[in-house]
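Notes follow the structure.
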Amino acid sequence: MYSQPHSLHARALILGAGVAGLAAAIGLERIGVRPLVHEREGEHARGHAFLLLGNGLRALDALGLGASVRARGVWLDHAEIRDGAGRLSHREVLPDCLVLTRADLLACLHSGLRQVQVTYHSRAAELVCGADGRIHSAVVETPHGSARLATDLVLGCDGGRSLVRKFVAPASQRRRGQVDELVLLLDEAQVARDLGRGLLKVHDLGRGLAAGLAPVTDGRVVWWLQFDTARHKPHGDDASELQRFALESCAHFGEDLCAPLRRAEFDKAHWWRTGDALPLEYFQRANAVVLGDAAHPFLPFTSQGANMALVDATRLAAALEAHTDLDAALVAYSRATRPDAVAHHAAGVALERNFVQGAPSMATLPRSEACVS
Ligand SMILES: Cc1cc2nc3c(=O)[nH]c(=O)nc-3n(C[C@H](O)[C@H](O)[C@H](O)COP(=O)(O)OP(=O)(O)OC[C@H]3O[C@@H](n4cnc5c(N)ncnc54)[C@H](O)[C@@H]3O)c2cc1C
């Protein structure tokens with residue numbers, strides 16, 4: 001149900017139309033605010049796949065999209081864990097866990113917008129502040145020139161290198177992660193069938209490597225390789241080098257994991273240069289607020305980037321609905337978000353340390369609820 005139009009925040013501006021930006025736009029529309037959304041890239045979604053966990057799925061339910069997202073994803077119920085020699089080590093039951101391509105998740109979120117339009121190829125280049133310390137307008141650059149958009153509420157959903165975060169927390173520094181990830185979607189219908197509802201994960205603890213395969217829709221699988229960059233690194237970004245690196249790293253992990261890599265098109269591989277940042281004290285300043293990776297870039301181990309982006313969107317909408325005073329609403333959002341941000345950040349750092357040290361207790365499977373204190 002849509003509530004009555006919200007008289008406040010008539011000029012809300014969302015920068016970034018990734019997971020956080022589209023989810024936030026839906027959340028605002030549901031409380032009667034119609035934001036402008038500006039996205040630097042084109043509409044065609046880049047990226048690979050997410051594991052959606054309990055908290056992200058509940059946020060999608062709150063946005064009215066739980067059913068459509070569940071219909072597009074693949075449910076996983078177990079993981080098969082192998083050691084570095086490709087031998088079965090054990091099986092684990094997985095918690096609620098849905099695999100979905102990034103393109104499918106963004107398409108679902110887009111379908112949840114009613115009247116809000118997203119302006120693509122429109123990059124926020126500058127935030128213009130008044131003497132009162134609030135952002136009065138944002139300058140966006142499009143292929144046709146630049147424009148100045150007046151605003152009274154800015155939502156920074158602009159990812160890990162956020163412009164809005166620089167306004168909210170100028171001293172905050174992004175830390176480069178030590179373990180990077182190579183990700184690729186593969187057209188492998190038979191492999192997807194063989195995996196069924198299972199995720200395959202290989203932990204090569206001694207060498208600082210881990211690889212995984214999980215089924216996604218339409219006869220595809222998502223493959224990923226995590227590697228300690230102090231010990232392993234591709235010599236460049238070109239497809240043949242990434243393929244050589246992947247095959248060499250996975251050589252002992254089992255033929256079922258290696259064979260698809262020989263057939264794969266590595267020009268579509270994504271080398272995820274990971275990073276995080278110490279959790280902010282506040283996720284808002286004046287009339288600006290940050291969500292998703294812009295608020296709390298996490299290391300990939302906890303699978304929480306997309307999930308928390310969805311949670312943030314629902315929390316912000318709830319705070320704006322509950323408080324008529326904007327500053328009070330943004331403070332309430334910050335307070336609600338911080339405990340999760342601190343817990344997921346700490347879990348990511350601990351898992352990275354375990355990975356690098358080859359700790360036998362390394363638990364790199366998704367644990368959405370257990371991460372939260
Ligand atoms: C290309 C890409 C591929 C990814 N692939 C995976 C993956 O396979 N698996 C996984 O778990 N996670 C992946 N991630 C990370 C994951 O998407 C995020 O952790 C999570 O979705 C958080 O969502 P977000 O909306 O905060 O950030 P993002 O999804 O990064 O969205 C931020 C958006 O803001 C836009 N933007 C940035 N700066 C500006 C600006 N100045 N003006 C306007 N728009 C701007 C970006 O183009 C982007 O669309 C990927 C991220 C990207 C960008």
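Ordering of the structure tokens sets the chain letters (A, B, ...), residue numbers begin anew at 1 in every chain, and ligands are numbered from 1 in the order given.
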Counting only C-alpha atoms and all ligand atoms, what residues are within 7 Å of ligand 1, given as a PDB file with C-alpha atoms, in the first residue's frame?
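Below you can see part-v2.pdb, which holds the result:
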```
ATOM      1  CA  LEU A  15      22.949   9.302  -6.935  1.00  0.00           C
ATOM      2  CA  GLY A  16      23.643   5.798  -8.250  1.00  0.00           C
ATOM      3  CA  ALA A  17      21.150   3.217  -9.541  1.00  0.00           C
ATOM      4  CA  GLY A  18      22.819   0.022  -8.333  1.00  0.00           C
ATOM      5  CA  VAL A  19      21.183  -2.169  -5.693  1.00  0.00           C
ATOM      6  CA  ALA A  20      21.041   0.528  -2.991  1.00  0.00           C
ATOM      7  CA  GLY A  21      19.870   3.294  -5.330  1.00  0.00           C
ATOM      8  CA  HIS A  38      20.925   9.647 -11.687  1.00  0.00           C
ATOM      9  CA  GLU A  39      23.245   6.816 -12.709  1.00  0.00           C
ATOM     10  CA  ARG A  40      26.702   7.202 -14.223  1.00  0.00           C
ATOM     11  CA  GLU A  41      26.564   4.032 -16.338  1.00  0.00           C
ATOM     12  CA  ARG A  46      27.343  -5.092 -15.351  1.00  0.00           C
ATOM     13  CA  GLY A  47      28.476  -7.642 -12.802  1.00  0.00           C
ATOM     14  CA  HIS A  48      27.841 -11.230 -12.026  1.00  0.00           C
ATOM     15  CA  ALA A  49      25.864 -12.759  -9.196  1.00  0.00           C
ATOM     16  CA  PHE A  50      24.899 -12.338  -5.573  1.00  0.00           C
ATOM     17  CA  LEU A  51      24.000 -14.623  -2.729  1.00  0.00           C
ATOM     18  CA  ARG A 102      23.162  -8.856 -10.657  1.00  0.00           C
ATOM     19  CA  SER A 122      24.427  10.954 -15.817  1.00  0.00           C
ATOM     20  CA  ARG A 123      27.369  11.203 -13.452  1.00  0.00           C
ATOM     21  CA  ALA A 124      27.278  13.283 -10.293  1.00  0.00           C
ATOM     22  CA  ALA A 125      30.411  15.400 -10.569  1.00  0.00           C
ATOM     23  CA  CYS A 157      24.065   5.257  -3.404  1.00  0.00           C
ATOM     24  CA  ASP A 158      27.142   5.739  -5.543  1.00  0.00           C
ATOM     25  CA  GLY A 159      29.189   2.714  -4.537  1.00  0.00           C
ATOM     26  CA  GLY A 160      32.565   2.151  -2.932  1.00  0.00           C
ATOM     27  CA  ARG A 161      34.194   5.319  -4.276  1.00  0.00           C
ATOM     28  CA  SER A 162      31.247   7.510  -3.368  1.00  0.00           C
ATOM     29  CA  LEU A 163      31.261  11.245  -3.945  1.00  0.00           C
ATOM     30  CA  VAL A 183      34.175 -13.785 -10.958  1.00  0.00           C
ATOM     31  CA  LEU A 291      23.623   3.733   1.695  1.00  0.00           C
ATOM     32  CA  GLY A 292      25.107   0.435   0.534  1.00  0.00           C
ATOM     33  CA  ASP A 293      28.777   0.361  -0.461  1.00  0.00           C
ATOM     34  CA  ALA A 294      28.889   4.155  -0.242  1.00  0.00           C
ATOM     35  CA  PRO A 300      33.430 -10.012  -0.049  1.00  0.00           C
ATOM     36  CA  SER A 303      28.343 -11.803   1.054  1.00  0.00           C
ATOM     37  CA  GLY A 305      27.285  -5.975   0.048  1.00  0.00           C
ATOM     38  CA  ALA A 306      23.998  -6.388  -1.802  1.00  0.00           C
ATOM     39  CA  ALA A 309      22.275  -2.280   0.487  1.00  0.00           C
TER      40      ALA A 309
END
```
Open item on the list: What parts of segment 129-372 of chain A does DSSP call strand (DSSP E or B)? I'd like the answer as a PyMOL selection string.
Closed with: chain A and resi 129+135-142+145-150+153-156+175-176+179-187+198-204+209-216+220-228+270-272+275-276+284-285+288-290
Next, the residues of the selection above should be written as a tab-separated table (two decimals), in the first residue's frame with C-alpha atoms.
```tsv
chain	number	residue	atom	x	y	z
A	129	CYS	CA	26.89	23.50	-0.51
A	135	ILE	CA	23.89	20.54	-0.10
A	136	HIS	CA	21.76	22.84	-2.23
A	137	SER	CA	22.42	21.26	-5.60
A	138	ALA	CA	24.35	18.58	-7.43
A	139	VAL	CA	26.08	19.01	-10.77
A	140	VAL	CA	25.53	16.04	-13.09
A	141	GLU	CA	27.39	15.45	-16.33
A	142	THR	CA	25.70	13.73	-19.25
A	145	GLY	CA	26.37	18.62	-21.17
A	146	SER	CA	26.06	19.33	-17.49
A	147	ALA	CA	23.10	20.32	-15.35
A	148	ARG	CA	22.64	21.63	-11.83
A	149	LEU	CA	19.89	19.88	-9.87
A	150	ALA	CA	18.45	21.67	-6.84
A	153	LEU	CA	17.86	15.55	0.35
A	154	VAL	CA	20.78	13.66	-1.24
A	155	LEU	CA	21.01	9.87	-1.06
A	156	GLY	CA	24.53	8.69	-1.84
A	175	ARG	CA	41.49	0.27	2.67
A	176	ARG	CA	42.60	-2.08	-0.10
A	179	VAL	CA	42.25	-11.09	-0.98
A	180	ASP	CA	40.82	-10.32	-4.41
A	181	GLU	CA	38.16	-12.21	-6.31
A	182	LEU	CA	37.82	-13.20	-9.95
A	183	VAL	CA	34.18	-13.78	-10.96
A	184	LEU	CA	32.65	-15.16	-14.14
A	185	LEU	CA	29.23	-16.29	-15.36
A	186	LEU	CA	29.47	-19.45	-17.45
A	187	ASP	CA	26.94	-21.00	-19.84
A	198	GLY	CA	24.31	-27.16	-4.04
A	199	LEU	CA	27.25	-24.81	-3.94
A	200	LEU	CA	30.71	-26.26	-4.51
A	201	LYS	CA	33.57	-24.67	-2.61
A	202	VAL	CA	37.25	-25.61	-2.62
A	203	HIS	CA	39.47	-24.34	0.21
A	204	ASP	CA	43.18	-24.54	-0.49
A	209	LEU	CA	43.23	-19.87	-2.64
A	210	ALA	CA	39.54	-20.75	-2.67
A	211	ALA	CA	37.23	-21.39	-5.59
A	212	GLY	CA	33.52	-21.93	-5.91
A	213	LEU	CA	30.72	-22.77	-8.31
A	214	ALA	CA	27.01	-22.16	-7.86
A	215	PRO	CA	24.08	-22.57	-10.25
A	216	VAL	CA	22.16	-19.53	-11.49
A	220	ARG	CA	24.41	-20.82	-16.18
A	221	VAL	CA	26.75	-21.10	-13.23
A	222	VAL	CA	28.71	-18.46	-11.39
A	223	TRP	CA	32.36	-19.33	-10.80
A	224	TRP	CA	34.65	-17.43	-8.48
A	225	LEU	CA	38.21	-17.59	-7.29
A	226	GLN	CA	39.49	-15.86	-4.15
A	227	PHE	CA	43.24	-15.32	-4.03
A	228	ASP	CA	45.69	-13.87	-1.54
A	270	HIS	CA	35.44	-9.38	-13.42
A	271	TRP	CA	38.58	-8.91	-11.31
A	272	TRP	CA	37.14	-7.54	-8.11
A	275	GLY	CA	38.41	-3.11	-0.15
A	276	ASP	CA	36.67	-1.86	2.94
A	284	GLN	CA	24.62	11.19	7.40
A	285	ARG	CA	25.69	14.82	7.48
A	288	ALA	CA	23.04	13.94	2.83
A	289	VAL	CA	22.99	10.25	3.68
A	290	VAL	CA	24.92	7.26	2.35
```
Task: alpha helix (DSSP H) positions in segment 30-261 of chain A, given as a ChimeraX atom specification - done: /A:30,54-62,66-72,102-111,163-168,189-195,239-249,255-261
Task: Exercise: Asp238 of chain A partners within 10 Å, only C-alpha atoms, chain neighbours under 5 positions left out, as a ChimeraX atom specification - done: /A:243,266-267,269
- [ ] Extract, using only C-alpha atoms, all DNA, RNA and protein residues at most 10 Å from Gly56 of chain A, discarding same-chain residues fewer than 4 positions from it, and format them as a list in words.
- [x]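 Near neighbours after the sequence-gap exclusion: Leu51, Leu52, Leu60, Asp61, Ala62, Gly66, Cys97, Leu98, Gln304, Gly305, Ala306, Asn307, Met308, Ala309, Leu310, Val311, Asp312 and Ser368 of chain A.
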The selected residues should be written to file as a CSV table (one decimal), in the first residue's frame (atoms: all heavy atoms).
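Result saved to selection-v3.csv:
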```
chain,number,residue,atom,x,y,z
A,51,LEU,N,24.7,-13.7,-3.6
A,51,LEU,CA,24.0,-14.6,-2.7
A,51,LEU,C,23.1,-13.7,-1.9
A,51,LEU,O,23.6,-12.9,-1.1
A,51,LEU,CB,25.0,-15.4,-1.8
A,51,LEU,CG,25.9,-16.4,-2.4
A,51,LEU,CD1,26.8,-17.0,-1.4
A,51,LEU,CD2,25.1,-17.5,-3.2
A,52,LEU,N,21.8,-13.9,-2.0
A,52,LEU,CA,20.9,-13.1,-1.2
A,52,LEU,C,20.6,-14.0,0.0
A,52,LEU,O,20.2,-15.1,-0.1
A,52,LEU,CB,19.6,-12.8,-2.0
A,52,LEU,CG,19.8,-11.8,-3.1
A,52,LEU,CD1,18.5,-11.4,-3.8
A,52,LEU,CD2,20.5,-10.5,-2.6
A,60,LEU,N,13.7,-7.3,0.8
A,60,LEU,CA,13.0,-7.3,-0.5
A,60,LEU,C,11.5,-7.6,-0.3
A,60,LEU,O,10.6,-7.0,-1.0
A,60,LEU,CB,13.5,-8.4,-1.4
A,60,LEU,CG,14.9,-8.1,-2.1
A,60,LEU,CD1,15.6,-9.3,-2.5
A,60,LEU,CD2,14.7,-7.1,-3.2
A,61,ASP,N,11.2,-8.4,0.7
A,61,ASP,CA,9.7,-8.6,1.1
A,61,ASP,C,9.1,-7.2,1.5
A,61,ASP,O,8.0,-6.9,1.1
A,61,ASP,CB,9.6,-9.6,2.3
A,61,ASP,CG,9.9,-11.0,1.8
A,61,ASP,OD1,9.7,-11.3,0.6
A,61,ASP,OD2,10.3,-11.8,2.7
A,62,ALA,N,9.9,-6.5,2.3
A,62,ALA,CA,9.3,-5.2,2.7
A,62,ALA,C,9.1,-4.2,1.6
A,62,ALA,O,8.3,-3.3,1.6
A,62,ALA,CB,10.3,-4.6,3.8
A,66,GLY,N,9.7,-9.5,-2.8
A,66,GLY,CA,10.2,-10.8,-2.4
A,66,GLY,C,9.9,-11.9,-3.4
A,66,GLY,O,10.7,-12.7,-3.8
A,97,CYS,N,19.3,-19.0,1.3
A,97,CYS,CA,20.3,-18.5,0.4
A,97,CYS,C,19.9,-18.6,-1.1
A,97,CYS,O,19.7,-19.7,-1.6
A,97,CYS,CB,21.6,-19.4,0.7
A,97,CYS,SG,23.0,-18.9,-0.2
A,98,LEU,N,19.7,-17.5,-1.7
A,98,LEU,CA,19.2,-17.5,-3.1
A,98,LEU,C,20.3,-16.9,-4.0
A,98,LEU,O,20.8,-15.8,-3.7
A,98,LEU,CB,18.0,-16.6,-3.2
A,98,LEU,CG,17.2,-16.5,-4.5
A,98,LEU,CD1,16.3,-17.8,-4.6
A,98,LEU,CD2,16.3,-15.3,-4.5
A,304,GLN,N,27.7,-9.7,2.1
A,304,GLN,CA,26.7,-8.8,2.6
A,304,GLN,C,26.6,-7.5,1.8
A,304,GLN,O,25.7,-6.7,2.2
A,304,GLN,CB,27.1,-8.4,4.1
A,304,GLN,CG,26.6,-9.5,5.1
A,304,GLN,CD,25.0,-9.5,5.1
A,304,GLN,OE1,24.3,-8.6,4.8
A,304,GLN,NE2,24.5,-10.7,5.4
A,305,GLY,N,27.4,-7.3,0.8
A,305,GLY,CA,27.3,-6.0,0.0
A,305,GLY,C,25.9,-5.7,-0.5
A,305,GLY,O,25.3,-4.7,-0.1
A,306,ALA,N,25.3,-6.6,-1.2
A,306,ALA,CA,24.0,-6.4,-1.8
A,306,ALA,C,22.9,-6.5,-0.7
A,306,ALA,O,22.0,-5.7,-0.7
A,306,ALA,CB,23.7,-7.4,-2.9
A,307,ASN,N,23.1,-7.5,0.2
A,307,ASN,CA,22.1,-7.7,1.2
A,307,ASN,C,21.9,-6.4,2.1
A,307,ASN,O,20.8,-5.9,2.4
A,307,ASN,CB,22.5,-8.9,2.1
A,307,ASN,CG,22.3,-10.2,1.3
A,307,ASN,OD1,21.2,-10.6,1.1
A,307,ASN,ND2,23.4,-10.8,0.9
A,308,MET,N,23.1,-5.8,2.5
A,308,MET,CA,23.0,-4.7,3.4
A,308,MET,C,22.5,-3.4,2.6
A,308,MET,O,21.8,-2.5,3.2
A,308,MET,CB,24.3,-4.4,4.1
A,308,MET,CG,24.5,-5.2,5.4
A,308,MET,SD,23.3,-4.6,6.7
A,308,MET,CE,24.0,-3.0,7.1
A,309,ALA,N,22.8,-3.4,1.3
A,309,ALA,CA,22.3,-2.3,0.5
A,309,ALA,C,20.7,-2.3,0.5
A,309,ALA,O,20.1,-1.2,0.6
A,309,ALA,CB,22.8,-2.4,-0.9
A,310,LEU,N,20.2,-3.5,0.5
A,310,LEU,CA,18.7,-3.6,0.5
A,310,LEU,C,18.2,-3.2,1.9
A,310,LEU,O,17.1,-2.5,2.0
A,310,LEU,CB,18.3,-5.1,0.1
A,310,LEU,CG,18.6,-5.5,-1.3
A,310,LEU,CD1,18.5,-7.0,-1.4
A,310,LEU,CD2,17.7,-4.8,-2.3
A,311,VAL,N,18.9,-3.7,2.9
A,311,VAL,CA,18.4,-3.4,4.3
A,311,VAL,C,18.5,-1.9,4.5
A,311,VAL,O,17.5,-1.3,5.1
A,311,VAL,CB,19.3,-4.2,5.3
A,311,VAL,CG1,19.0,-3.7,6.7
A,311,VAL,CG2,19.1,-5.7,5.2
A,312,ASP,N,19.6,-1.3,4.1
A,312,ASP,CA,19.7,0.2,4.2
A,312,ASP,C,18.5,0.9,3.6
A,312,ASP,O,18.0,1.9,4.2
A,312,ASP,CB,21.0,0.7,3.6
A,312,ASP,CG,22.2,0.3,4.3
A,312,ASP,OD1,22.2,-0.3,5.4
A,312,ASP,OD2,23.3,0.5,3.7
A,368,SER,N,24.6,-15.0,7.3
A,368,SER,CA,24.0,-13.6,7.4
A,368,SER,C,23.6,-13.3,8.8
A,368,SER,O,23.9,-12.2,9.3
A,368,SER,CB,22.8,-13.4,6.5
A,368,SER,OG,21.7,-14.2,6.9
```
- [ ] Mind giving me the straight-line distance from atom CA of Leu326 of chain A to atom CA of Leu36 of chain A in Å, one decimal?
- [x] 17.7 Å
Task: Selected residue, from A:Val164, A:Ile26, A:Leu320, A:Ala10, that lies nearest to Glu126 of chain A when counting only C-alpha atoms - done: A:Val164
TODO: Name the closest residue to Ala359 of chain A among the candidates A:Gly236, A:Gly254, A:Gly208, A:Gly177; distances are taken between atoms, counting only C-alpha atoms.
DONE: A:Gly208
Open item on the list: I'd like the interatomic distance between atom CA of Val342 of chain A and atom CA of Ala328 of chain A, to a tenth of an Å.
Closed with: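 Atom CA of Ala328 of chain A lies 21.4 Å from atom CA of Val342 of chain A.
Shortest atom-to-atom contact with Val37 of chain A among A:His78, A:Arg91, A:Arg273, A:His110: A:His110, counting only C-alpha atoms.
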Cut-off 10 Å: closest segment 234-333 of chain A/segment 30-34 of chain A atom pairs per residue, using only C-alpha atoms, as CSV:
```
residue,atom,partner,partner_atom,distance
A:Ala317,CA,A:Ile31,CA,7.0
A:Ala318,CA,A:Ile31,CA,8.4
A:Leu320,CA,A:Ile31,CA,8.2
A:Glu321,CA,A:Ile31,CA,6.4
```
Restricting it to C-alpha atoms, dump the selection as a short mmCIF file (atom, residue, chain, number, x, y, z; two decimals), in the first residue's frame.
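Dumped to again31.cif:
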```cif
data_model
loop_
_atom_site.label_atom_id
_atom_site.label_comp_id
_atom_site.auth_asym_id
_atom_site.auth_seq_id
_atom_site.Cartn_x
_atom_site.Cartn_y
_atom_site.Cartn_z
CA ALA A 317 12.38 4.72 4.20
CA ALA A 318 11.15 3.65 7.64
CA LEU A 320 11.82 9.08 6.91
CA GLU A 321 8.29 7.86 7.43
#
```
Open item on the list: Just the number, please: distance in Å from atom CA of Ala313 of chain A to atom CA of Tyr333 of chain A, one decimal.
Closed with: 9.6 Å
Task: Of the listed residues A:Asp340, A:Ala347, A:Glu80, A:Leu242, that which approaches Asn55 of chain A most closely, counting only C-alpha atoms - done: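 The closest residue to Asn55 of chain A is A:Asp340.
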